[in-house]
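Enquirer: This is the content of input-v1.cif (mmCIF, C-alpha atoms and all ligand atoms):
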data_target
loop_
_atom_site.label_atom_id
_atom_site.label_comp_id
_atom_site.auth_asym_id
_atom_site.auth_seq_id
_atom_site.Cartn_x
_atom_site.Cartn_y
_atom_site.Cartn_z
CA MET A 200 -20.45 -13.68 47.01
CA THR A 201 -18.63 -10.45 47.84
CA SER A 202 -14.89 -10.45 47.47
CA THR A 203 -12.54 -8.51 49.64
CA LEU A 204 -11.30 -6.86 46.45
CA ALA A 205 -12.50 -3.50 45.27
CA LEU A 206 -14.20 -3.68 41.87
CA THR A 207 -11.17 -2.12 40.15
CA ASP A 208 -8.80 -4.70 41.67
CA LEU A 209 -11.15 -7.54 40.80
CA LEU A 210 -11.19 -6.32 37.17
CA ALA A 211 -7.39 -6.14 37.17
CA ASN A 212 -6.86 -9.56 38.78
CA GLN A 213 -9.73 -11.79 37.65
CA GLY A 214 -11.03 -9.60 34.86
CA ILE A 215 -14.76 -9.99 35.41
CA ALA A 216 -17.33 -8.93 38.02
CA ASP A 217 -21.05 -9.52 38.51
CA LEU A 218 -23.23 -6.42 38.11
CA THR A 219 -26.60 -8.16 38.11
CA GLY A 220 -29.13 -5.99 39.92
CA LEU A 221 -27.64 -2.62 38.98
CA TRP A 222 -30.35 -2.31 36.30
CA PRO A 223 -33.78 -3.43 37.59
CA VAL A 224 -35.32 -6.24 35.54
CA GLU A 225 -38.55 -4.29 34.93
CA MET A 226 -36.49 -1.48 33.42
CA VAL A 227 -34.58 -3.89 31.18
CA GLU A 228 -37.87 -5.46 30.04
CA ASP A 229 -39.13 -2.01 29.19
CA TRP A 230 -35.97 -1.39 27.10
CA ASN A 231 -36.83 -4.55 25.17
CA ARG A 232 -40.27 -3.18 24.33
CA ARG A 233 -38.60 -0.09 22.88
CA LEU A 234 -35.93 -2.09 21.04
CA ASP A 235 -38.30 -4.64 19.46
CA PRO A 236 -39.38 -2.26 16.65
CA ILE A 237 -35.71 -1.43 15.93
CA PHE A 238 -34.72 -5.09 15.61
CA ALA A 239 -37.94 -6.04 13.75
CA GLY A 240 -37.17 -7.54 10.34
CA THR A 241 -33.48 -8.25 11.05
CA ASP A 242 -33.89 -11.94 11.94
CA GLY A 243 -32.11 -13.01 8.75
CA GLU A 244 -28.96 -11.08 9.64
CA ARG A 245 -25.97 -12.70 11.33
CA ARG A 246 -25.72 -9.67 13.60
CA SER A 247 -28.00 -6.63 13.95
CA TYR A 248 -27.64 -3.43 15.96
CA ALA A 249 -29.44 -0.66 17.80
CA SER A 250 -26.80 2.06 17.88
CA ALA A 251 -26.02 4.75 20.48
CA ASP A 252 -28.27 7.32 18.80
CA SER A 253 -31.22 4.88 18.89
CA LEU A 254 -30.55 4.24 22.57
CA ALA A 255 -30.54 7.99 23.21
CA GLU A 256 -33.68 8.62 21.13
CA THR A 257 -35.64 5.88 22.93
CA GLY A 258 -34.60 7.16 26.37
CA ILE A 259 -32.66 3.97 27.09
CA PHE A 260 -29.31 5.80 27.24
CA ALA A 261 -30.48 8.06 30.08
CA GLU A 262 -31.84 5.09 32.07
CA LEU A 263 -28.75 3.01 31.39
CA PHE A 264 -26.46 5.73 32.76
CA SER A 265 -28.39 6.52 35.93
CA GLU A 266 -26.52 8.42 38.62
CA PRO A 267 -25.50 5.28 40.57
CA VAL A 268 -24.18 3.70 37.36
CA ARG A 269 -22.25 6.87 36.49
CA GLN A 270 -20.75 6.84 39.97
CA VAL A 271 -19.50 3.27 39.55
CA ILE A 272 -17.99 4.20 36.17
CA ALA A 273 -16.41 7.41 37.52
CA GLY A 274 -15.18 5.45 40.56
CA ILE A 275 -13.15 3.23 38.26
CA HIS A 276 -12.15 5.88 35.70
CA PRO A 277 -12.65 9.47 36.95
CA THR A 278 -12.24 10.65 33.32
CA ALA A 279 -14.32 7.88 31.68
CA LEU A 280 -15.31 8.24 28.03
CA LEU A 281 -17.42 5.72 26.13
CA TYR A 282 -16.00 3.55 23.36
CA HIS A 283 -19.02 1.31 22.59
CA CYS A 284 -22.68 1.83 23.43
CA HIS A 285 -25.17 -0.30 21.51
CA SER A 286 -27.47 -3.25 21.69
CA TYR A 287 -26.98 -6.15 19.31
CA GLU A 288 -28.55 -9.42 18.39
CA ILE A 289 -26.72 -12.47 17.06
CA ALA A 290 -28.26 -15.17 14.87
CA ALA A 291 -29.86 -18.33 16.33
CA ASN A 292 -29.18 -21.94 15.27
CA GLN A 293 -25.45 -21.48 14.68
CA GLY A 294 -22.58 -23.95 14.96
CA ARG A 295 -19.81 -21.35 15.32
CA PRO A 296 -19.15 -18.13 17.26
CA HIS A 297 -20.54 -14.97 15.65
CA ILE A 298 -17.20 -13.16 15.97
CA HIS A 299 -13.48 -13.99 15.62
CA ARG A 300 -14.31 -17.31 13.95
CA ASP A 301 -10.77 -17.47 12.59
CA LYS A 302 -9.33 -17.63 16.14
CA PRO A 303 -9.16 -20.90 18.13
CA LEU A 304 -12.82 -21.55 19.10
CA GLY A 305 -13.28 -17.77 18.89
CA TRP A 306 -11.07 -16.97 21.93
CA HIS A 307 -9.41 -13.55 21.60
CA ARG A 308 -8.34 -10.32 23.30
CA ASP A 309 -9.67 -7.05 21.88
CA THR A 310 -6.72 -5.98 19.74
CA GLU A 311 -7.01 -2.23 20.31
CA THR A 312 -6.53 -2.77 24.07
CA ILE A 313 -3.32 -4.77 23.93
CA GLY A 314 -0.76 -2.01 23.43
CA ALA A 315 -1.83 -0.04 26.52
CA TYR A 316 -2.66 -3.11 28.66
CA THR A 317 -1.34 -2.82 32.21
CA VAL A 318 -1.37 -5.66 34.72
CA ASP A 319 -2.41 -3.58 37.72
CA PHE A 320 -5.13 -1.36 36.32
CA PRO A 321 -8.12 -2.16 34.08
CA SER A 322 -8.08 0.59 31.44
CA PHE A 323 -10.42 -1.02 28.92
CA ILE A 324 -13.73 -2.17 30.32
CA SER A 325 -16.97 -3.47 28.86
CA ILE A 326 -20.37 -4.01 30.41
CA PHE A 327 -22.77 -6.65 29.08
CA ILE A 328 -26.43 -6.71 30.09
CA LEU A 329 -28.42 -9.71 28.85
CA LEU A 330 -31.60 -8.60 27.10
CA SER A 331 -32.61 -12.14 26.18
CA PRO A 332 -32.33 -15.14 28.51
CA VAL A 333 -29.09 -17.04 27.86
CA GLY A 334 -28.33 -20.65 28.77
CA SER A 335 -25.09 -22.53 28.10
CA GLY A 336 -25.86 -23.36 24.46
CA ASP A 337 -27.38 -20.01 23.61
CA GLY A 338 -24.30 -18.10 22.52
CA ALA A 339 -23.14 -17.34 26.05
CA PHE A 340 -20.29 -14.86 26.38
CA GLU A 341 -17.35 -16.76 27.89
CA PHE A 342 -14.40 -15.32 29.79
CA TYR A 343 -11.00 -16.68 30.86
CA PRO A 344 -10.55 -15.21 34.37
CA HIS A 345 -6.74 -15.16 34.47
CA ARG A 346 -4.28 -12.45 33.51
CA PRO A 347 -3.72 -12.69 29.78
CA ASN A 348 0.02 -12.25 29.38
CA ASN A 349 0.77 -15.97 29.29
CA GLY A 350 -1.99 -17.06 26.97
CA MET A 351 -4.57 -19.68 27.99
CA ARG A 352 -4.27 -23.10 29.62
CA PRO A 353 -6.04 -25.86 27.65
CA GLY A 354 -9.04 -27.02 29.68
CA GLY A 355 -8.66 -24.03 32.04
CA ASP A 356 -11.51 -22.21 33.77
CA ALA A 357 -14.14 -20.26 31.94
CA VAL A 358 -16.90 -18.01 33.26
CA GLU A 359 -20.11 -18.19 31.21
CA LEU A 360 -22.43 -15.20 31.29
CA VAL A 361 -25.72 -17.07 31.54
CA GLY A 362 -28.98 -16.17 33.19
CA PRO A 363 -32.30 -14.40 32.80
CA VAL A 364 -32.90 -11.00 31.24
CA GLY A 365 -31.08 -8.37 33.31
CA THR A 366 -28.05 -10.53 34.14
CA ALA A 367 -25.05 -8.22 33.86
CA ALA A 368 -21.27 -8.22 34.13
CA MET A 369 -18.34 -5.86 33.82
CA TRP A 370 -15.18 -7.26 32.22
CA ASN A 371 -11.64 -6.37 31.26
CA ARG A 372 -11.40 -6.25 27.46
CA SER A 373 -7.70 -7.11 27.53
CA TYR A 374 -8.46 -10.57 28.96
CA PHE A 375 -9.29 -13.56 26.75
CA HIS A 376 -12.96 -13.98 25.97
CA ARG A 377 -15.25 -15.31 23.26
CA ALA A 378 -18.81 -15.66 22.12
CA SER A 379 -19.76 -19.34 22.26
CA PRO A 380 -21.85 -20.64 19.33
CA ASN A 381 -25.53 -19.71 19.60
CA ARG A 382 -27.04 -23.15 19.04
CA GLY A 383 -30.36 -22.05 20.54
CA ALA A 384 -33.55 -21.12 18.71
CA LEU A 385 -33.59 -17.49 19.94
CA ARG A 386 -31.49 -14.58 18.71
CA ARG A 387 -29.26 -13.51 21.62
CA ARG A 388 -29.76 -9.82 22.46
CA VAL A 389 -27.35 -7.92 24.72
CA LEU A 390 -26.62 -4.33 25.58
CA LYS A 391 -22.93 -3.48 25.42
CA VAL A 392 -21.10 -0.49 26.85
CA SER A 393 -17.33 0.03 26.79
CA PHE A 394 -15.50 2.84 28.52
CA GLN A 395 -11.90 3.91 29.03
CA PRO A 396 -9.96 6.89 30.38
CA ALA A 397 -10.53 9.95 28.16
CA GLY A 398 -6.80 10.46 27.84
CA LEU A 399 -6.38 7.31 25.72
CA PRO A 400 -6.82 7.21 21.92
CA ASN A 401 -10.48 6.60 21.01
CA ASP A 402 -11.27 5.87 17.36
CA ARG A 403 -15.01 5.36 17.91
CA ILE A 404 -16.32 8.31 19.90
CA GLY A 405 -16.23 10.51 16.77
CA LEU A 406 -18.62 8.20 14.89
CA PRO A 407 -21.99 9.62 13.77
CA GLU A 408 -23.88 7.31 16.16
CA PHE A 409 -22.36 9.27 19.06
CA SER A 410 -22.64 12.76 17.55
CA ASP A 411 -26.26 11.98 16.54
CA ALA A 412 -27.00 10.75 20.07
CA ARG A 413 -26.19 14.21 21.42
CA ALA A 414 -29.32 15.70 19.84
CA HIS A 415 -31.47 13.49 22.11
CA LEU A 416 -29.69 14.32 25.37
CA THR A 417 -29.72 17.39 27.59
CA ASP A 418 -28.13 16.32 30.89
CA PRO A 419 -24.47 17.50 30.90
CA ALA A 420 -23.47 14.41 32.89
CA LEU A 421 -24.76 12.21 30.03
CA LEU A 422 -23.32 14.41 27.28
CA ALA A 423 -19.87 14.26 28.89
CA LEU A 424 -19.79 10.47 28.49
CA ILE A 425 -19.82 10.85 24.69
CA ASP A 426 -18.01 14.18 24.26
CA GLU A 427 -15.40 13.68 21.54
CA SER A 428 -13.57 16.85 22.59
CA ARG A 429 -12.55 15.09 25.81
CA VAL A 430 -10.26 12.64 23.96
CA GLY A 431 -6.70 13.23 25.12
CA THR A 432 -7.76 15.25 28.18
CA THR A 433 -7.51 14.35 31.85
CA SER A 434 -10.16 16.49 33.57
CA PRO A 435 -12.42 14.40 35.79
CA LEU A 436 -16.16 14.05 35.19
CA GLN A 437 -18.58 15.92 37.45
CA ASP A 438 -19.75 12.53 38.77
CA ARG A 439 -17.61 11.27 41.59
CA GLY A 440 -17.70 7.68 42.65
CA GLU A 441 -16.71 5.45 45.45
CA ILE A 442 -15.27 2.23 44.09
CA PRO A 443 -17.62 -0.49 45.34
CA ALA A 444 -16.52 -3.96 46.43
CA GLY A 445 -16.42 -6.32 43.47
CA THR A 446 -18.66 -9.36 43.22
CA PRO A 447 -16.76 -12.22 41.56
CA LEU A 448 -18.32 -14.39 38.88
CA PRO A 449 -17.00 -17.88 39.57
CA PRO A 450 -15.97 -20.13 36.67
CA THR A 451 -18.75 -22.49 35.60
CA THR A 452 -17.12 -24.35 32.74
CA LYS A 453 -13.79 -25.09 31.05
CA ASN A 454 -12.41 -23.81 27.80
CA GLN A 455 -12.32 -26.56 25.22
CA LEU A 456 -8.97 -25.62 23.74
CA SER A 457 -6.68 -28.40 22.59
CA ARG A 458 -3.02 -28.23 23.53
CA ALA A 459 -2.18 -27.24 19.97
CA GLN A 460 -4.71 -24.38 20.06
CA ALA A 461 -3.40 -23.20 23.43
CA THR A 462 0.17 -23.32 22.12
CA TYR A 463 -0.85 -21.18 19.16
CA ILE A 464 -2.54 -18.65 21.48
CA ARG A 465 0.51 -18.53 23.72
CA ALA A 466 2.86 -17.90 20.81
CA GLN A 467 0.61 -15.12 19.57
CA THR A 468 0.34 -13.59 23.06
CA VAL A 469 4.08 -13.55 23.59
CA GLY A 470 4.50 -12.10 20.10
CA PHE A 471 2.08 -9.30 20.93
CA ARG A 472 3.96 -8.60 24.15
CA VAL A 473 7.16 -8.14 22.19
CA LEU A 474 5.43 -5.90 19.63
CA ALA A 475 3.79 -3.85 22.41
CA ALA A 476 7.15 -3.41 24.16
CA ALA A 477 8.56 -2.17 20.86
CA GLY A 478 5.67 0.26 20.50
CA VAL A 479 4.37 -1.41 17.31
CA VAL A 480 0.84 -2.16 18.61
O1 LIG B 1 -20.81 -11.22 21.71
C1 LIG B 1 -20.05 -11.75 22.54
O2 LIG B 1 -20.45 -12.61 23.36
C2 LIG B 1 -18.58 -11.39 22.62
C3 LIG B 1 -18.25 -10.26 21.75
C4 LIG B 1 -16.85 -9.74 21.94
O3 LIG B 1 -15.88 -10.40 21.68
C5 LIG B 1 -16.69 -8.39 22.46
O4 LIG B 1 -17.69 -7.76 22.80
O5 LIG B 1 -15.54 -7.92 22.54
FE FE B 2 -14.05 -9.24 21.97
#
Show me the file's structure as structure tokens.
Expert:
Amino acid sequence: MTSTLALTDLLANQGIADLTGLWPVEMVEDWNRRLDPIFAGTDGERRSYASADSLAETGIFAELFSEPVRQVIAGIHPTALLYHCHSYEIAANQGRPHIHRDKPLGWHRDTETIGAYTVDFPSFISIFILLSPVGSGDGAFEFYPHRPNNGMRPGGDAVELVGPVGTAAMWNRSYFHRASPNRGALRRRVLKVSFQPAGLPNDRIGLPEFSDARAHLTDPALLALIDESRVGTTSPLQDRGEIPAGTPLPPTTKNQLSRAQATYIRAQTVGFRVLAAAGVV
């Protein structure tokens, strides 16, 4: 299904778009062969990572950010700078979400995006690519496809990111989302990228995983994506992009929030809005 909305508008208004097909399945399967030795021996951990430098060293980073992908990113944010770039696995056979377990059923907004959230433009974006097949009970990423300023409606729509290896989506980090419990027998492996305009504060791009990644890259277009010196600047990347039409991901399930949980979320959301208006967050 192609919407009449440009990808940027879809991300602002529904928060999530289908990107399946942008990375060929054979390529993603090949990434898995390179990641297997990195994840080997971590099955006992609740969460395990292959960081940006490992992705660069294995050649995955260069394939991930192919020219067409860079054009989509630059189409949305002409000054894009990465914030996250890693693969991670979450434990199998779990009864609870792997992250934000203290929040109602794990539903949350990414805190560092709330202060600069704007209704009309998606500043904080993540990409998820499934590296293991994910069904409903397998720790699917879930997304509430409505603007977040009023909290969540109990029993309201949810999009589940399910499908075979290579299934991919782009989503607005300021919207409500969660990891559902991974009740399945397989560790769930995804590749995650987040990007934002270079002008915004970025407390992650200076981490060693990004500076170490540089040693494995030569293409200036790739180096620019992780160049810490670009924080606070507004010069556009050399890649120019057309903004493609967005492909919606229709809701497939409902959130299971009780009215009490939804009331709590709403109170917290309104509270954040007040704090953001006062410049506290
Ligand atoms: O692992 C997931 O499905 C969700 C993680 C999450 O909340 C995030 O990436 O911001
Ligand atoms: Fe999150």
Enquirer: Show me which residues are within 10 Å of ligand LIG 1 (chain B) counting all atoms listed in the file, and format the list as number ranges by chain.
Expert: A: 246, 283, 287-289, 296-299, 305-310, 324-327, 338-342, 359-360, 370-381, 387-393
Enquirer: Need to verify the contact set: Gly314 in chain A, 12 Å, only C-alpha atoms, exclusion of same-chain residues closer than 4 positions in sequence. Can you return it as a list of chain:residue names?
Expert: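 Listed by chain and then number, they are A:Arg308, A:Asp309, A:Thr310, A:Val318, A:Ser322, A:Phe323, A:Asn348, A:Ser373, A:Leu399, A:Pro400, A:Thr468, A:Gly470, A:Phe471, A:Arg472, A:Val473, A:Leu474, A:Ala475, A:Ala476, A:Ala477, A:Gly478, A:Val479, A:Val480.
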Enquirer: Just give me the residues with any atom within 10 Å of (-10.0, -4.3, 41.5), file coordinates, counting all atoms listed in the file, written as a list in words.
Expert: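 Those within range, by chain then number, are Ser202, Thr203, Leu204, Ala205, Leu206, Thr207, Asp208, Leu209, Leu210, Ala211, Asn212, Gln213, Gly214, Ile215, Ala216, Ile275, Asp319, Phe320, Pro321, Ile442, Pro443, Ala444 and Gly445 of chain A.
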Enquirer: Which range 214-301 of chain A residues have any atom within 12 Å of an atom of range 418-438 of chain A, and for each, what is the nearest pair of atoms with distance in Å to one decimal, counting all atoms listed in the file, rows sorted by chain and number, as CSV?
Expert:
residue,atom,partner,partner_atom,distance
A:Ala251,CA,A:Ile425,CA,9.7
A:Asp252,CA,A:Ile425,CA,10.9
A:Ala255,CA,A:Leu421,CA,9.9
A:Gly258,CA,A:Leu421,CA,11.7
A:Ile259,CA,A:Leu421,CA,11.8
A:Phe260,CA,A:Leu421,CA,8.3
A:Ala261,CA,A:Leu421,CA,7.1
A:Glu262,CA,A:Leu421,CA,10.2
A:Leu263,CA,A:Leu421,CA,10.1
A:Phe264,CA,A:Leu421,CA,7.2
A:Ser265,CA,A:Leu421,CA,9.0
A:Glu266,CA,A:Asp438,CA,7.9
A:Pro267,CA,A:Asp438,CA,9.4
A:Val268,CA,A:Asp438,CA,10.0
A:Arg269,CA,A:Asp438,CA,6.6
A:Gln270,CA,A:Asp438,CA,5.9
A:Val271,CA,A:Asp438,CA,9.3
A:Ile272,CA,A:Asp438,CA,8.9
A:Ala273,CA,A:Asp438,CA,6.2
A:Gly274,CA,A:Asp438,CA,8.6
A:Ile275,CA,A:Asp438,CA,11.4
A:His276,CA,A:Pro435,CA,8.5
A:Pro277,CA,A:Pro435,CA,5.1
A:Thr278,CA,A:Pro435,CA,4.5
A:Ala279,CA,A:Leu424,CA,6.8
A:Leu280,CA,A:Leu424,CA,5.0
A:Leu281,CA,A:Leu424,CA,5.8
A:Tyr282,CA,A:Ile425,CA,8.3
A:His283,CA,A:Ile425,CA,9.8
A:Cys284,CA,A:Ile425,CA,9.5
Enquirer: If I take CA of Gly240 in chain A and CA of Arg386 in chain A, how far is one from the other in Å, to one decimal?
Expert: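 Going from CA of Gly240 in chain A over to CA of Arg386 in chain A covers 12.3 Å.
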Enquirer: Check the smallest atom-to-atom distance from each of A:Tyr343, A:Phe409, A:Tyr248, A:Phe238 to ligand FE 2 (chain B) using all atoms listed in the file, then report the winner.
Expert: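 With all atoms listed in the file as the atom set, the closest residue is A:Tyr343.
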Enquirer: When you count all atoms listed in the file, which of these residues is closest to ligand FE 2 (chain B): A:Ile313, A:Glu225, A:Thr462, A:Gly440?
Expert: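 Closest to ligand FE 2 (chain B), using all atoms listed in the file: A:Ile313.
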Enquirer: Closest to His345 in chain A among A:Pro449, A:Leu456, A:Gln293, A:Ala315, using all atoms listed in the file?
Expert: A:Pro449
Enquirer: Kindly indicate which residue among A:Leu416, A:Glu311, A:Arg465, A:Gly398 lies nearest to ligand FE 2 (chain B), using all atoms listed in the file for the distances.
Expert: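 Of the candidates, the smallest distance to ligand FE 2 (chain B) is held by A:Glu311.
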Enquirer: Which one of A:Glu256, A:Ala249, A:Pro344, A:Thr317 sits closest to His285 in chain A if you count only C-alpha atoms?
Expert: A:Ala249
Enquirer: Mind pulling up the distance from CA of Ser335 in chain A to CA of Gly354 in chain A?
Expert: 16.7 Å
Enquirer: Any idea what the distance is between CA of Pro347 in chain A and CA of Leu329 in chain A?
Expert: 24.9 Å
Enquirer: Choose the residue, out of A:Pro223, A:Leu385, A:Ala461, A:Thr366, that has the smallest atom-to-atom separation from Asn292 in chain A; count all atoms listed in the file.
Expert: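 With all atoms listed in the file as the atom set, the closest residue is A:Leu385.
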Enquirer: Find the residues around Ile237 in chain A up to 10 Å (all atoms listed in the file counted), leave out those fewer than 4 positions away in its own chain, and share them as a PyMOL selection string.
Expert: chain A and resi 231-233+241+247-250+253
Enquirer: Using all atoms listed in the file, which residues sit within 9 Å of Thr451 in chain A once same-chain residues fewer than 2 positions away are excluded, as a PyMOL selection string?
Expert: chain A and resi 356-359+448-449+453
Enquirer: Please define a box with edges along x, y and z of the file around all atoms of range 288-304 of chain A given in the file, extend it by 4 Å on each side, and return its centre and edge lengths in Å to one decimal, as AutoDock Vina command-line options.
Expert:
--center_x -19.5 --center_y -16.7 --center_z 15.8 --size_x 28.7 --size_y 22.5 --size_z 14.5
Enquirer: How about completing range 399-410 of chain A with N, CA and C atoms and giving it to me as an mmCIF file, keeping the file's coordinate frame?
Expert:
data_model
loop_
_atom_site.group_PDB
_atom_site.id
_atom_site.type_symbol
_atom_site.label_atom_id
_atom_site.label_comp_id
_atom_site.auth_asym_id
_atom_site.auth_seq_id
_atom_site.Cartn_x
_atom_site.Cartn_y
_atom_site.Cartn_z
ATOM 1 N N LEU A 399 -6.872 8.304 26.680
ATOM 2 C CA LEU A 399 -6.380 7.310 25.720
ATOM 3 C C LEU A 399 -6.966 7.554 24.326
ATOM 4 N N PRO A 400 -6.264 7.094 23.272
ATOM 5 C CA PRO A 400 -6.820 7.210 21.920
ATOM 6 C C PRO A 400 -8.200 6.538 21.860
ATOM 7 N N ASN A 401 -9.114 7.141 21.083
ATOM 8 C CA ASN A 401 -10.480 6.600 21.010
ATOM 9 C C ASN A 401 -10.964 6.812 19.574
ATOM 10 N N ASP A 402 -10.927 5.742 18.783
ATOM 11 C CA ASP A 402 -11.270 5.870 17.360
ATOM 12 C C ASP A 402 -12.765 5.673 17.098
ATOM 13 N N ARG A 403 -13.581 5.583 18.139
ATOM 14 C CA ARG A 403 -15.010 5.360 17.910
ATOM 15 C C ARG A 403 -15.897 6.518 18.360
ATOM 16 N N ILE A 404 -15.424 7.314 19.313
ATOM 17 C CA ILE A 404 -16.320 8.310 19.900
ATOM 18 C C ILE A 404 -16.673 9.422 18.891
ATOM 19 N N GLY A 405 -15.897 9.538 17.816
ATOM 20 C CA GLY A 405 -16.230 10.510 16.770
ATOM 21 C C GLY A 405 -17.222 9.999 15.736
ATOM 22 N N LEU A 406 -17.685 8.765 15.881
ATOM 23 C CA LEU A 406 -18.620 8.200 14.890
ATOM 24 C C LEU A 406 -19.972 8.924 14.948
ATOM 25 N N PRO A 407 -20.675 8.961 13.799
ATOM 26 C CA PRO A 407 -21.990 9.620 13.770
ATOM 27 C C PRO A 407 -22.964 9.097 14.826
ATOM 28 N N GLU A 408 -22.912 7.818 15.174
ATOM 29 C CA GLU A 408 -23.880 7.310 16.160
ATOM 30 C C GLU A 408 -23.756 8.075 17.494
ATOM 31 N N PHE A 409 -22.530 8.516 17.818
ATOM 32 C CA PHE A 409 -22.360 9.270 19.060
ATOM 33 C C PHE A 409 -22.725 10.745 18.866
ATOM 34 N N SER A 410 -22.275 11.341 17.752
ATOM 35 C CA SER A 410 -22.640 12.760 17.550
ATOM 36 C C SER A 410 -24.155 12.886 17.386
#
